[in-house]
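S.K.: The structure follows.
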Amino acid sequence: MKNQEIAAVFKGIADILEIKGENPFRIRAYRKASQNIENLAEDIAILAQKGKLYELPGIGKDLAIKIREILETGTLRFYEDLKNEVPPGLVALLSIPGVGPRTAKILFERFKVVSIEDLETLAKEHKLRGLPGIKAKTEENILKGIGLVKKGKERIPLGIIRPLAEEILGMLKRRCPIDRISVAGSVRRQRETIKDIDILITSSDPTRVMDVFTSLPQAYEIIAKGETKSSIRTKEGIAVDLRVVEPECFGAALCYFTGSKTHNIRIRELALRKGLKISEYGIFKGDKRIGGKEEEEVFKAVGLPYIPPELREDRGEIEAALEGKLPRLVEYGDVQGDLHVHSTYSDGKGTLEDIANKAAQMGLKWVGVCDHSQSLKVAGGVSTEDLRKKVKAIRQFNKKNTPVKLLCGTEVDIDSRGNLDYPDDILKELDLVIAAIHTGFKQDEATLTTRIISAMRNPYVHLIAHPTGRLFGEREPYALNIETVLNEAAQTHTALEINAYPKRLDLNDIYSRAAGEKGIFLGIGTDAHILDQMEYLSLGISVARRAWLESSNLLNCLSYDELIKYLKRRGNFILQKT
């Protein structure tokens, strides 16, 4: 979690500097460093130990020194001094979408607003209208933004909380006498956002386990400490519960604490029909425990095959299990490639060789190198001239006897009228074209939906990237008519992306499942801009598993030759249809 902590410090510095009207280039440097650190898949403390901080994009000597100070002392003197230069609480207002530094400053000067609660009260009473830049619609958007921020604080994205859970499990395994250990709850079900972490263990020395657990570096606060259950809270406010259970009922307890609640109710109902009782303490026939050591025993007792944790949401998995129709969920080993990685041709930090080497380390066979298109200047959009150079470079790269093949692609922007950022004669030269919306997020539903559909009808577009545009805690999904989008994707044979970037996970599991049921191909793309962000592929697989997807539903599970064949066929299908 040091990544998140340091990223938050740099973001805070950028916010305060912006409020003070400091040099915009300095502000941008801190903000970019914050984003890059937050999105690291590797622990920044380990990178610091290896002396590799300078290898991180946007990290020079000054920022590297500041990172080391935070790692060594837990704080940054520069940041603490800077916070004293602005009214307390003013920076918090900047977390609200639609409230920039200028607005925050005006709100403080006019109303002495120093908290989100103060701002919410004023907005509800319509007292903000008339201030410079604030109209009725702005006031409405501020209230929506406040709701988004509050929601974001209640539930943490899986991509942030899962590494923390894995870190704690790793420490407990190394330091305690543990026989069995597993994460449970929403983390084990791989929900996209999570409220807290549940861990179950069996141990011959529970007292030792509790002592170690409550003294972990992540334990900012000890909520409770007992012989078989303890709870801590991390500095980020995440609650972590640890339970020691008897070996004879570990499976039953794991089922119970994995949930979901509605799934558990269905299991208990099936048990009652067979004259059994199932609880966290085991499987009982009358007063006699007849099983519960393994999870499989619980499902077998009620006449079901094992149901993977990701499906345990009472969304038809019980019925499918009873009928023998559970899907064979996609697994990491089924995946052969990543559809969406950025290179140094736009705003990515890896060369073609770097990307291929990272993919090889991950056991992948191919990567779609999809850089931003020309109009997205802020992201180093690739000119048509440079795109042709990229095509040539990838063709030459693939002629080498390398274990990883690269697809020459683009993340082409869909403009406000539904037009694409490159002409067709450029797009047809590419192996892979993914289209995306990056501007005009506040357009109405009909307009946004039409933009997506227009891109789908282009014969050279293979996939729509991050289709709903959401960012956890920052931006709600676009106002799209999802049913219309899915129907068009099915008609045009356009694939939809499961964007594995931790703040996106877009499409979500609900829409991805609906797409799969319509016969639409899904494609997982990490949207990686830094090489180790390619590790986010596992997050996309989690979404796919929760969406009931099998390997046959995903473009990622095709071999390089199979994928190329599919991509060419898709264009021919549209041309023939039109």
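Within each chain, counting starts at residue 1; across the structure tokens, chains are named A, B, ... in the order shown, with ligands numbered 1 upward in that order.
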So that I can check the surroundings of A:Val240, please list as a ChimeraX atom specification every protein, DNA and RNA residue that reaches within 10 Å of it, counting only C-alpha atoms and ignoring chain neighbours fewer than 2 positions away.

M.R.: /A:164-165,168,195-199,213,218-219,222-223,230-234,237-238,242

S.K.: Excluding A:Leu90 and any residue of its chain fewer than 4 positions from it, enumerate the residues within 12 Å of it, using only C-alpha atoms, and give them as a PyMOL selection string.

M.R.: chain A and resi 12+15-16+18-20+83-86+94-96+99-109+111-119

S.K.: Can you tell me, as an NGL selection string, which residues in stretch 355-536 of chain A count as helix (DSSP H, G or I) by DSSP?

M.R.: :A and (355-361 or 377-379 or 384-399 or 424-427 or 445-456 or 482-492 or 509-517 or 531-536)

S.K.: Show me a table, sorted first by chain and then by increasing residue number, of the residues of stretch 356-389 of chain A having an atom at most 8 Å from stretch 335-339 of chain A, each with its shortest atom pair and the distance in Å to one decimal, counting only C-alpha atoms and written as JSON lines.

M.R.:
{"residue": "A:Ala359", "atom": "CA", "partner": "A:Gly337", "partner_atom": "CA", "distance": 7.9}
{"residue": "A:Gly363", "atom": "CA", "partner": "A:Gln336", "partner_atom": "CA", "distance": 7.6}
{"residue": "A:Leu364", "atom": "CA", "partner": "A:Gln336", "partner_atom": "CA", "distance": 4.9}
{"residue": "A:Lys365", "atom": "CA", "partner": "A:Gln336", "partner_atom": "CA", "distance": 5.3}
{"residue": "A:Trp366", "atom": "CA", "partner": "A:Gly337", "partner_atom": "CA", "distance": 4.8}
{"residue": "A:Val367", "atom": "CA", "partner": "A:Asp338", "partner_atom": "CA", "distance": 4.9}
{"residue": "A:Gly368", "atom": "CA", "partner": "A:Leu339", "partner_atom": "CA", "distance": 4.4}
{"residue": "A:Val369", "atom": "CA", "partner": "A:Leu339", "partner_atom": "CA", "distance": 7.4}
{"residue": "A:Cys370", "atom": "CA", "partner": "A:Leu339", "partner_atom": "CA", "distance": 7.8}

S.K.: I need the chosen residues saved as a PDB file, in the first residue's frame, with C-alpha atoms.

M.R.:
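In the end it all went to result-v3.pdb:
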ATOM      1  CA  ALA A 359       4.938 -10.451 -22.351  1.00  0.00           C
ATOM      2  CA  GLY A 363       3.995 -16.454 -20.622  1.00  0.00           C
ATOM      3  CA  LEU A 364       2.065 -14.542 -23.306  1.00  0.00           C
ATOM      4  CA  LYS A 365       2.349 -15.186 -27.032  1.00  0.00           C
ATOM      5  CA  TRP A 366       1.197 -11.872 -28.500  1.00  0.00           C
ATOM      6  CA  VAL A 367       0.423  -8.231 -27.616  1.00  0.00           C
ATOM      7  CA  GLY A 368      -1.699  -5.594 -29.302  1.00  0.00           C
ATOM      8  CA  VAL A 369       0.357  -2.373 -29.329  1.00  0.00           C
ATOM      9  CA  CYS A 370      -2.409   0.222 -29.462  1.00  0.00           C
TER      10      CYS A 370
END

S.K.: Taking 5 positions as the minimum chain separation for residues in the same chain, which residues sit within 9 Å of A:Leu322 when counting only C-alpha atoms? Answer as number ranges by chain.

M.R.: A: 303-305, 317

S.K.: With a distance cut-off of 8 Å and only C-alpha atoms, select the neighbouring residues of A:Ser383, excluding the residue or stretch itself and same-chain residues fewer than 4 positions from it, and output the selection as a ChimeraX atom specification.

M.R.: /A:373-374,387

S.K.: Applying 9 Å and only C-alpha atoms, which residues near A:Gly275 remain after dropping the ones on its own chain fewer than 3 positions away? List them as a list in words.

M.R.: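 Using only C-alpha atoms, the neighbours found are Ala271, Leu272, Phe284, Lys285 and Gly286 of chain A.
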
S.K.: Given the selection you just returned, output its residues as a file containing C-alpha atoms, formatted as a CSV table (one decimal), in the first residue's frame.

M.R.:
chain,number,residue,atom,x,y,z
A,271,ALA,CA,-29.5,-28.5,2.9
A,272,LEU,CA,-32.8,-28.2,4.9
A,284,PHE,CA,-24.7,-31.5,10.5
A,285,LYS,CA,-27.2,-34.3,10.5
A,286,GLY,CA,-29.0,-33.7,13.7

S.K.: Which is closest to A:Leu549 among A:Gly409, A:Pro327, A:Pro403, A:Gly473, if we use only C-alpha atoms?

M.R.: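 Answer, going by the shortest atom-to-atom distance: A:Pro327.
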
S.K.: If you run DSSP on this backbone, which residues of stretch 297-537 of chain A come out as strand (DSSP E or B), and could you give them as a count of residues only?

M.R.: 46
